[in-house]
Amino acid sequence: MAAAQRIVIENCSIATVDADDTEYASGYLVIAGNRIESLGAGRAPEGLENVDRRIDATGHLVTPGLVNTHHHYYQWITRGLATDHNLFNWLVALYPTWARIDEQMVYAAAQGSLAMMARGGVTTAMDHHYVFPAGSGDLSGAIIRAARETGVRFTLARGSMDRSEKDGGLPPDFAVETLEGALAATEATVKEHHDSSFDAMTQVAVAPCSPFSVSTELLREGAELARRLGVRLHTHGSETVEEEQFCKELFGMGPTDYFESTGWLGEDVWMAHCVHMNDSDIAAFARTKTGVAHCPSSNARLAAGIARVPDMLAAGVPVGLGVDGTASNESGELHTELRNALLINRLGAHREAALNARQALRLGTYGGAQVLGRAAETGSLEAGKLADLVLWKLDTLAHASIADPVTALVFGAAAPVTASFVNGRQIVQDSRLLHVDEDAVARSTREQAQRLARIAAQG
């Protein structure tokens, strides 16, 4: 077997985000194949063989790649709509349009969503796709294809809905699946696409949409399906006060108790938002190691509230960051969520003690890897882990007078990405994608957004 080619990165600041938060003011990192071979202070070891590239990273901070734990790619082609709505009104306004999507639209939207994240430092992404109109084509396959072309590590949370308007839910009747159809399609997607290997580029999770759009049977049987297949579970939880009221009226209990009654708490589960959690809810998540995808910009955009992230972290709840769908976070970027998570949480009860820069970086890297069940493989810079990492340029005017590089990254303006590597393969150079034509993606997403608007207008 041929020896692995090496890439040597030198003269950079490094934030490893390992268990000890090890940092190097000036250090090196060696990639061999798709793994991190070594890293440390000073210059790289002498005499390394098979060095394919040497990168002088003077003026840069190297961190683990960002990990996005919650998103809805299809929403890329409905950005800028219903901008003054709360969650339920926003859903009512947009579901009739979303119910008209097809494979071509979903592929273009996935390309746009992935491109925006990847060029901003995301190396592990996910998509929670739950709208499957009849006759719309292979939507899961289209999303996975876009992720493969972009070059990111990817989890598809294969969503589903079976509670429509006639059943007291929010989606139109023609936008949902049957219980049996949703379970069968989800199982088929897992069997076709899920890879359980250490360096897997594509994984699949079972992901019924939310308590107000799925039946109790779909939640319970979905959990059983996921555990039989050995994959993770994902859904929305405790996002708004209206959701809590809905659960109490319909099920006689709050969201967390309802989820527990259907098998939806556990270390193989993560939920999006979790804004309205009381002490008992947080304790239940901590006891079961249920993860949380914190989406600060979307929570603010939809006026959902401020999640109790400092309390969750103190209790031992795994927490990562999420962009959420770009119809509720039009920027579509995750690196801005580092800053927004820190600032918005400081408006809460803990004020200036809520989060600091390094805690925010951990949320966006190792915390996200924990939530997706991949912390043994990625999320921190350690020898033997996968080579998923980002070089942030911090020597321009935007960050010139901030001495601490992690503070510069989190508190400062969005830093340019000079290079981003996934599995040892470079996917970004100077904030541009290397393997996808961004201009072509922009044209395609614009055309598909216009096409969807025309179709939706026709009813």
# chains A, B, ... in the order shown; residues from 1 in each chain; ligands from 1
call {"tool": "residues_around", "arguments": {"residues": "Leu361 in chain A", "least_positions_apart": "3", "cutoff": "8 Å", "atoms": "only C-alpha atoms", "output": "list in words"}}
result
Val17, Leu338, Ala357, Arg358, Gly364, Thr365, Val406 and Val410 of chain A
call {"tool": "residues_around", "arguments": {"residues": "Glu260 in chain A", "least_positions_apart": "6", "cutoff": "10 Å", "atoms": "only C-alpha atoms", "output": "PDB file with C-alpha atoms, in the first residue's frame"}}
result
ATOM      1  CA  ARG A 220     -43.166   5.926  18.679  1.00  0.00           C
ATOM      2  CA  GLY A 266     -31.766   9.238  24.880  1.00  0.00           C
ATOM      3  CA  ALA A 284     -34.404  14.981  31.840  1.00  0.00           C
ATOM      4  CA  PHE A 285     -32.212  15.884  28.845  1.00  0.00           C
ATOM      5  CA  THR A 288     -30.653  10.826  29.202  1.00  0.00           C
TER       6      THR A 288
END
call {"tool": "residues_around", "arguments": {"residues": "range 189-196 of chain A", "least_positions_apart": "2", "cutoff": "9 Å", "atoms": "only C-alpha atoms", "output": "compact mmCIF listing (two decimals) with all heavy atoms, in the first residue's frame"}}
result
# COMPACT_ATOMS: atom_id res chain seq x y z
N SER A 140 -34.58 12.85 -1.25
CA SER A 140 -33.44 12.48 -0.40
C SER A 140 -32.19 12.29 -1.25
O SER A 140 -31.09 12.75 -0.90
CB SER A 140 -33.75 11.20 0.38
OG SER A 140 -34.79 11.41 1.31
N GLY A 141 -32.33 11.61 -2.38
CA GLY A 141 -31.19 11.40 -3.25
C GLY A 141 -30.62 12.69 -3.79
O GLY A 141 -29.40 12.84 -3.93
N ILE A 144 -28.56 14.39 -0.96
CA ILE A 144 -27.30 13.68 -0.74
C ILE A 144 -26.33 13.93 -1.89
O ILE A 144 -25.12 14.11 -1.68
CB ILE A 144 -27.57 12.18 -0.54
CG1 ILE A 144 -28.26 11.96 0.82
CG2 ILE A 144 -26.29 11.36 -0.64
CD1 ILE A 144 -28.81 10.58 1.03
N THR A 155 -25.11 14.46 7.27
CA THR A 155 -26.17 13.64 7.84
C THR A 155 -27.50 14.10 7.28
O THR A 155 -27.87 15.27 7.41
CB THR A 155 -26.21 13.75 9.37
OG1 THR A 155 -25.01 13.22 9.93
CG2 THR A 155 -27.41 12.98 9.94
N LEU A 156 -28.21 13.19 6.63
CA LEU A 156 -29.59 13.47 6.21
C LEU A 156 -30.53 12.98 7.30
O LEU A 156 -30.57 11.77 7.60
CB LEU A 156 -29.92 12.75 4.90
CG LEU A 156 -31.40 12.88 4.48
CD1 LEU A 156 -31.73 14.32 4.10
CD2 LEU A 156 -31.74 11.92 3.35
N ARG A 158 -33.92 12.13 7.70
CA ARG A 158 -35.06 11.86 6.82
C ARG A 158 -36.34 12.11 7.62
O ARG A 158 -36.77 11.32 8.45
CB ARG A 158 -35.01 10.42 6.30
CG ARG A 158 -35.78 10.17 4.99
CD ARG A 158 -37.28 10.27 5.13
NE ARG A 158 -37.97 10.00 3.88
CZ ARG A 158 -39.29 10.06 3.72
NH1 ARG A 158 -40.08 10.39 4.75
NH2 ARG A 158 -39.85 9.82 2.54
N ALA A 184 -41.86 3.28 5.85
CA ALA A 184 -41.24 2.47 4.80
C ALA A 184 -40.20 3.28 4.02
O ALA A 184 -39.10 2.77 3.73
CB ALA A 184 -42.31 1.93 3.86
N ALA A 185 -40.54 4.52 3.68
CA ALA A 185 -39.59 5.35 2.92
C ALA A 185 -38.37 5.70 3.75
O ALA A 185 -37.25 5.74 3.23
CB ALA A 185 -40.30 6.62 2.44
N THR A 186 -38.57 5.93 5.03
CA THR A 186 -37.44 6.23 5.91
C THR A 186 -36.51 5.03 6.02
O THR A 186 -35.29 5.16 5.92
CB THR A 186 -37.94 6.64 7.30
OG1 THR A 186 -38.78 7.79 7.19
CG2 THR A 186 -36.78 6.95 8.23
N GLU A 187 -37.07 3.85 6.21
CA GLU A 187 -36.25 2.64 6.30
C GLU A 187 -35.47 2.42 5.01
O GLU A 187 -34.27 2.08 5.03
CB GLU A 187 -37.10 1.42 6.62
CG GLU A 187 -36.28 0.15 6.75
CD GLU A 187 -37.05 -1.01 7.35
OE1 GLU A 187 -38.28 -0.85 7.62
OE2 GLU A 187 -36.44 -2.07 7.60
N PHE A 198 -16.13 4.76 10.36
CA PHE A 198 -15.49 5.85 11.09
C PHE A 198 -15.41 7.12 10.25
O PHE A 198 -15.68 8.23 10.74
CB PHE A 198 -14.08 5.42 11.51
CG PHE A 198 -13.32 6.44 12.32
CD1 PHE A 198 -13.46 6.49 13.70
CD2 PHE A 198 -12.46 7.34 11.70
CE1 PHE A 198 -12.76 7.43 14.46
CE2 PHE A 198 -11.76 8.28 12.45
CZ PHE A 198 -11.91 8.32 13.83
N ASP A 199 -15.03 6.99 8.98
CA ASP A 199 -14.85 8.16 8.14
C ASP A 199 -16.02 8.38 7.17
O ASP A 199 -15.86 8.96 6.09
CB ASP A 199 -13.54 8.09 7.37
CG ASP A 199 -13.44 6.85 6.49
OD1 ASP A 199 -14.37 6.01 6.54
OD2 ASP A 199 -12.44 6.72 5.76
N ALA A 200 -17.21 7.93 7.56
CA ALA A 200 -18.39 8.04 6.69
C ALA A 200 -18.63 9.47 6.25
O ALA A 200 -18.57 10.40 7.05
CB ALA A 200 -19.62 7.51 7.42
N MET A 201 -18.94 9.62 4.98
CA MET A 201 -19.30 10.94 4.45
C MET A 201 -20.80 11.15 4.45
O MET A 201 -21.27 12.29 4.38
CB MET A 201 -18.74 11.09 3.03
CG MET A 201 -17.22 11.17 2.96
SD MET A 201 -16.52 12.61 3.83
CE MET A 201 -17.09 13.96 2.79
N THR A 202 -21.59 10.08 4.50
CA THR A 202 -23.04 10.20 4.49
C THR A 202 -23.65 9.30 5.55
O THR A 202 -23.38 8.10 5.58
CB THR A 202 -23.63 9.81 3.12
OG1 THR A 202 -23.05 10.61 2.09
CG2 THR A 202 -25.15 10.02 3.11
N GLN A 203 -24.45 9.89 6.42
CA GLN A 203 -25.23 9.12 7.39
C GLN A 203 -26.68 9.57 7.33
O GLN A 203 -27.00 10.65 6.80
CB GLN A 203 -24.65 9.27 8.79
CG GLN A 203 -23.24 8.70 8.92
CD GLN A 203 -22.77 8.50 10.34
OE1 GLN A 203 -23.20 9.18 11.26
NE2 GLN A 203 -21.87 7.53 10.52
N VAL A 204 -27.56 8.76 7.88
CA VAL A 204 -28.99 9.05 7.85
C VAL A 204 -29.56 8.90 9.26
O VAL A 204 -29.18 7.98 9.99
CB VAL A 204 -29.74 8.10 6.89
CG1 VAL A 204 -31.24 8.41 6.87
CG2 VAL A 204 -29.17 8.22 5.47
N ALA A 205 -30.45 9.82 9.64
CA ALA A 205 -31.16 9.75 10.91
C ALA A 205 -32.66 9.68 10.64
O ALA A 205 -33.14 10.11 9.58
CB ALA A 205 -30.84 10.97 11.78
N VAL A 206 -33.41 9.14 11.59
CA VAL A 206 -34.87 9.07 11.51
C VAL A 206 -35.43 10.33 12.16
O VAL A 206 -35.09 10.63 13.31
CB VAL A 206 -35.39 7.81 12.21
CG1 VAL A 206 -36.92 7.79 12.23
CG2 VAL A 206 -34.86 6.56 11.50
N LEU A 229 -32.47 -0.10 13.37
CA LEU A 229 -31.50 0.10 12.29
C LEU A 229 -30.16 0.64 12.79
O LEU A 229 -29.19 0.70 12.03
CB LEU A 229 -32.07 1.06 11.24
CG LEU A 229 -33.32 0.59 10.51
CD1 LEU A 229 -33.84 1.68 9.57
CD2 LEU A 229 -33.06 -0.70 9.73
N GLY A 230 -30.10 1.06 14.05
CA GLY A 230 -28.85 1.57 14.62
C GLY A 230 -28.47 2.96 14.15
O GLY A 230 -27.28 3.26 13.99
N VAL A 231 -29.48 3.83 13.97
CA VAL A 231 -29.20 5.21 13.55
C VAL A 231 -29.79 6.18 14.57
O VAL A 231 -30.55 5.80 15.46
CB VAL A 231 -29.76 5.50 12.14
CG1 VAL A 231 -29.10 4.59 11.11
CG2 VAL A 231 -31.28 5.35 12.10
call {"tool": "closest_residue", "arguments": {"among": "A:Glu37, A:Asp127, A:Glu249, A:Asp18", "to": "Ala109 in chain A", "atoms": "only C-alpha atoms"}}
result
A:Asp127
call {"tool": "residues_around", "arguments": {"residues": "range 50-55 of chain A", "least_positions_apart": "4", "cutoff": "12 Å", "atoms": "only C-alpha atoms", "output": "PDB file with C-alpha atoms, in the first residue's frame"}}
result
ATOM      1  CA  ALA A   2       1.339   3.432  -0.954  1.00  0.00           C
ATOM      2  CA  ALA A   3       2.217   5.752   1.916  1.00  0.00           C
ATOM      3  CA  ALA A   4      -0.292   8.524   2.582  1.00  0.00           C
ATOM      4  CA  GLN A   5       0.467  11.944   1.166  1.00  0.00           C
ATOM      5  CA  ARG A   6       1.022  14.612   3.803  1.00  0.00           C
ATOM      6  CA  ILE A   7      -0.048  18.245   4.037  1.00  0.00           C
ATOM      7  CA  VAL A   8       1.900  20.387   6.512  1.00  0.00           C
ATOM      8  CA  ILE A   9       0.310  23.557   7.919  1.00  0.00           C
ATOM      9  CA  GLU A  10       2.687  25.833   9.870  1.00  0.00           C
ATOM     10  CA  ASN A  11       3.074  29.224  11.578  1.00  0.00           C
ATOM     11  CA  CYS A  12      -0.551  29.436  12.699  1.00  0.00           C
ATOM     12  CA  TYR A  28       1.790  23.237  13.151  1.00  0.00           C
ATOM     13  CA  LEU A  29      -0.580  20.510  12.017  1.00  0.00           C
ATOM     14  CA  VAL A  30       0.194  17.546   9.765  1.00  0.00           C
ATOM     15  CA  ILE A  31      -2.473  15.809   7.691  1.00  0.00           C
ATOM     16  CA  ALA A  32      -1.719  12.296   6.445  1.00  0.00           C
ATOM     17  CA  GLY A  33      -4.365  10.969   4.099  1.00  0.00           C
ATOM     18  CA  ARG A  43       7.598  24.012  13.605  1.00  0.00           C
ATOM     19  CA  ALA A  44       6.565  20.674  12.141  1.00  0.00           C
ATOM     20  CA  PRO A  45       8.950  17.737  12.696  1.00  0.00           C
ATOM     21  CA  GLU A  46      11.893  17.513  10.335  1.00  0.00           C
ATOM     22  CA  GLY A  59      -1.850  35.320  10.347  1.00  0.00           C
ATOM     23  CA  HIS A  60      -4.366  32.468  10.591  1.00  0.00           C
ATOM     24  CA  VAL A  62      -6.781  26.887  12.655  1.00  0.00           C
ATOM     25  CA  LEU A 391      -7.927  28.168   8.339  1.00  0.00           C
ATOM     26  CA  THR A 418      -8.522  30.820   3.437  1.00  0.00           C
ATOM     27  CA  ALA A 419      -8.835  27.035   3.341  1.00  0.00           C
ATOM     28  CA  GLY A 424      -8.053  15.648   4.229  1.00  0.00           C
ATOM     29  CA  ARG A 425      -9.416  17.068   0.952  1.00  0.00           C
ATOM     30  CA  GLN A 426      -9.508  20.824   0.459  1.00  0.00           C
TER      31      GLN A 426
END
call {"tool": "residues_around", "arguments": {"residues": "Gly168 in chain A", "least_positions_apart": "2", "cutoff": "12 Å", "atoms": "only C-alpha atoms", "output": "PyMOL selection string"}}
result
chain A and resi 162-166+170-173+211-215+246+249-250
